[in-house]
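Student: Handing you a structure now.
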Amino acid sequence: AGLTVRHLKGGWPFKKSGPNRALQEFRPVSVQDSIALAILRDRSLTLELGHIRLAHHYRLRGETERAFQEFRALLYTVPHLDMFYEPALQILLETEQYARAFLLFEDGLKFNRSGFMYKWAGQLALASGNSSSGIEYLETARAILPGDIQLLYNLARAYYNTLQPEKGDAMLSLMKRIAPGSGEVKMLEIEKQPLGNRN
């Protein structure tokens, strides 16, 4: 915004004659300055790409909260796209901020009702100890992503953990039909066995 104002003041009516050289004469003193200048000078570089570049810069420096804030700015700008939720989610998962991640996705569902959003809202609700909401979100996601093995695995576990074994068994049977040799099926079969019967 500051550079845009600077550019406007570099031309008519603020400057009566001569070319507008405000951007050419600007000397960046930070990465943020450099990215902002590049956006204004290069039509192929968008504001969204600028936020992504800055987020990657922060991640390389280990400044995960600042990186997250760049992705959050993108979520406010275009909340209906999954692609900006994924890197924001990755940061929160890496820093074990599961409750915060759940709130991000729960809020995001006001604008974006994709299978990806419901799936992660459900998985994060389960990780935060909210089984009823987790199951509800995962069942909604299952209607959109019926063959997602990770989703079915988490839903089956949620049913087993909430003492609904018949529903857990139904999910396991479905998983065996879709991906019989998958690691999720094998893990679920081991997890549902009584402790004394595990090899």
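Residues in the structure tokens are named by chain (A, B, ... in the order shown) and by number from 1 within that chain; ligands are numbered from 1 in the order shown.
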Please list as a PyMOL selection string every residue within 12 Å of A:Ile144, counting only C-alpha atoms and excluding residues in the same chain fewer than 6 positions away.
Tutor: chain A and resi 113-119+137-138+151
Student: I need the chosen residues saved as an mmCIF file, in the first residue's frame, with N, CA, C and O atoms.
Tutor:
```
data_model
loop_
_atom_site.group_PDB
_atom_site.id
_atom_site.type_symbol
_atom_site.label_atom_id
_atom_site.label_comp_id
_atom_site.auth_asym_id
_atom_site.auth_seq_id
_atom_site.Cartn_x
_atom_site.Cartn_y
_atom_site.Cartn_z
ATOM 1 N N ARG A 113 -16.921 -25.666 1.828
ATOM 2 C CA ARG A 113 -17.528 -26.920 2.294
ATOM 3 C C ARG A 113 -17.074 -28.104 1.444
ATOM 4 O O ARG A 113 -17.855 -28.980 1.086
ATOM 5 N N SER A 114 -15.773 -28.163 1.192
ATOM 6 C CA SER A 114 -15.212 -29.256 0.405
ATOM 7 C C SER A 114 -14.990 -30.491 1.283
ATOM 8 O O SER A 114 -14.984 -30.406 2.516
ATOM 9 N N GLY A 115 -14.786 -31.625 0.618
ATOM 10 C CA GLY A 115 -14.480 -32.845 1.353
ATOM 11 C C GLY A 115 -13.205 -32.711 2.160
ATOM 12 O O GLY A 115 -13.107 -33.217 3.288
ATOM 13 N N PHE A 116 -12.210 -32.030 1.602
ATOM 14 C CA PHE A 116 -10.946 -31.793 2.306
ATOM 15 C C PHE A 116 -11.192 -31.071 3.622
ATOM 16 O O PHE A 116 -10.629 -31.439 4.655
ATOM 17 N N MET A 117 -12.039 -30.039 3.590
ATOM 18 C CA MET A 117 -12.298 -29.251 4.793
ATOM 19 C C MET A 117 -13.018 -30.078 5.856
ATOM 20 O O MET A 117 -12.645 -30.058 7.027
ATOM 21 N N TYR A 118 -14.050 -30.811 5.457
ATOM 22 C CA TYR A 118 -14.790 -31.629 6.425
ATOM 23 C C TYR A 118 -13.904 -32.745 6.990
ATOM 24 O O TYR A 118 -13.961 -33.068 8.180
ATOM 25 N N LYS A 119 -13.092 -33.341 6.117
ATOM 26 C CA LYS A 119 -12.209 -34.430 6.565
ATOM 27 C C LYS A 119 -11.256 -33.947 7.651
ATOM 28 O O LYS A 119 -11.133 -34.576 8.710
ATOM 29 N N TYR A 137 -18.369 -34.584 11.348
ATOM 30 C CA TYR A 137 -17.624 -33.997 10.228
ATOM 31 C C TYR A 137 -17.114 -35.075 9.277
ATOM 32 O O TYR A 137 -17.161 -34.924 8.050
ATOM 33 N N LEU A 138 -16.605 -36.175 9.835
ATOM 34 C CA LEU A 138 -16.071 -37.243 8.985
ATOM 35 C C LEU A 138 -17.165 -37.910 8.170
ATOM 36 O O LEU A 138 -16.941 -38.290 7.011
ATOM 37 N N LEU A 151 -9.603 -41.214 5.683
ATOM 38 C CA LEU A 151 -10.853 -40.758 6.298
ATOM 39 C C LEU A 151 -11.608 -41.939 6.920
ATOM 40 O O LEU A 151 -12.041 -41.871 8.076
#
```
Student: Just the residues within 12 Å of stretch 169-176 of chain A, please, counting only C-alpha atoms, with nothing from its chain fewer than 4 positions along; format it as a ChimeraX atom specification.
Tutor: /A:138-139,142,146-160,163-165,180-192
Student: Just asking: which residues within stretch 113-144 of chain A are alpha helix (DSSP H) according to DSSP, as a count of residues only?
Tutor: 27
Student: Check the smallest atom-to-atom distance from each of A:Ala125, A:Leu145, A:Thr4, A:Gln32 to A:Arg53 using only C-alpha atoms, then report the winner.
Tutor: A:Gln32
Student: With only C-alpha atoms as the atoms that count, which of A:Thr95, A:Leu81, A:Glu48, A:His57 lies nearest to A:Phe111?
Tutor: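 Of the candidates, the smallest distance to A:Phe111 is held by A:Leu81.
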Student: For A:Phe26, list every protein, DNA or RNA residue within 10 Å, evaluated using only C-alpha atoms, and leave out those in the same chain fewer than 4 positions away; present the list as number ranges by chain.
Tutor: A: 3, 6-7, 21-22, 33-34, 37
Student: Dump N, CA, C and O atoms for the selected residues as a compact mmCIF listing (two decimals), in the first residue's frame?
Tutor:
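Result written to selection-v9.txt:
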```
# COMPACT_ATOMS: atom_id res chain seq x y z
N LEU A 3 3.92 1.52 -1.16
CA LEU A 3 4.55 1.68 -2.48
C LEU A 3 3.57 2.17 -3.52
O LEU A 3 3.92 2.94 -4.42
N ARG A 6 3.27 5.78 -3.00
CA ARG A 6 4.51 6.40 -3.48
C ARG A 6 4.49 6.53 -5.00
O ARG A 6 4.89 7.56 -5.56
N HIS A 7 4.03 5.49 -5.68
CA HIS A 7 3.96 5.50 -7.14
C HIS A 7 2.95 6.54 -7.63
O HIS A 7 3.21 7.27 -8.59
N ARG A 21 9.24 7.85 -11.79
CA ARG A 21 10.33 6.94 -11.47
C ARG A 21 10.31 6.51 -10.00
O ARG A 21 11.33 6.08 -9.45
N ALA A 22 9.14 6.62 -9.38
CA ALA A 22 9.03 6.33 -7.95
C ALA A 22 9.46 4.90 -7.63
O ALA A 22 10.17 4.66 -6.64
N ASP A 33 9.86 -5.54 1.63
CA ASP A 33 9.97 -4.46 0.65
C ASP A 33 10.25 -5.01 -0.75
O ASP A 33 9.65 -4.58 -1.74
N SER A 34 11.18 -5.95 -0.84
CA SER A 34 11.57 -6.53 -2.13
C SER A 34 10.40 -7.24 -2.79
O SER A 34 10.18 -7.11 -4.00
N LEU A 37 7.76 -4.67 -3.96
CA LEU A 37 8.23 -3.99 -5.17
C LEU A 37 8.10 -4.90 -6.38
O LEU A 37 7.66 -4.46 -7.46
```
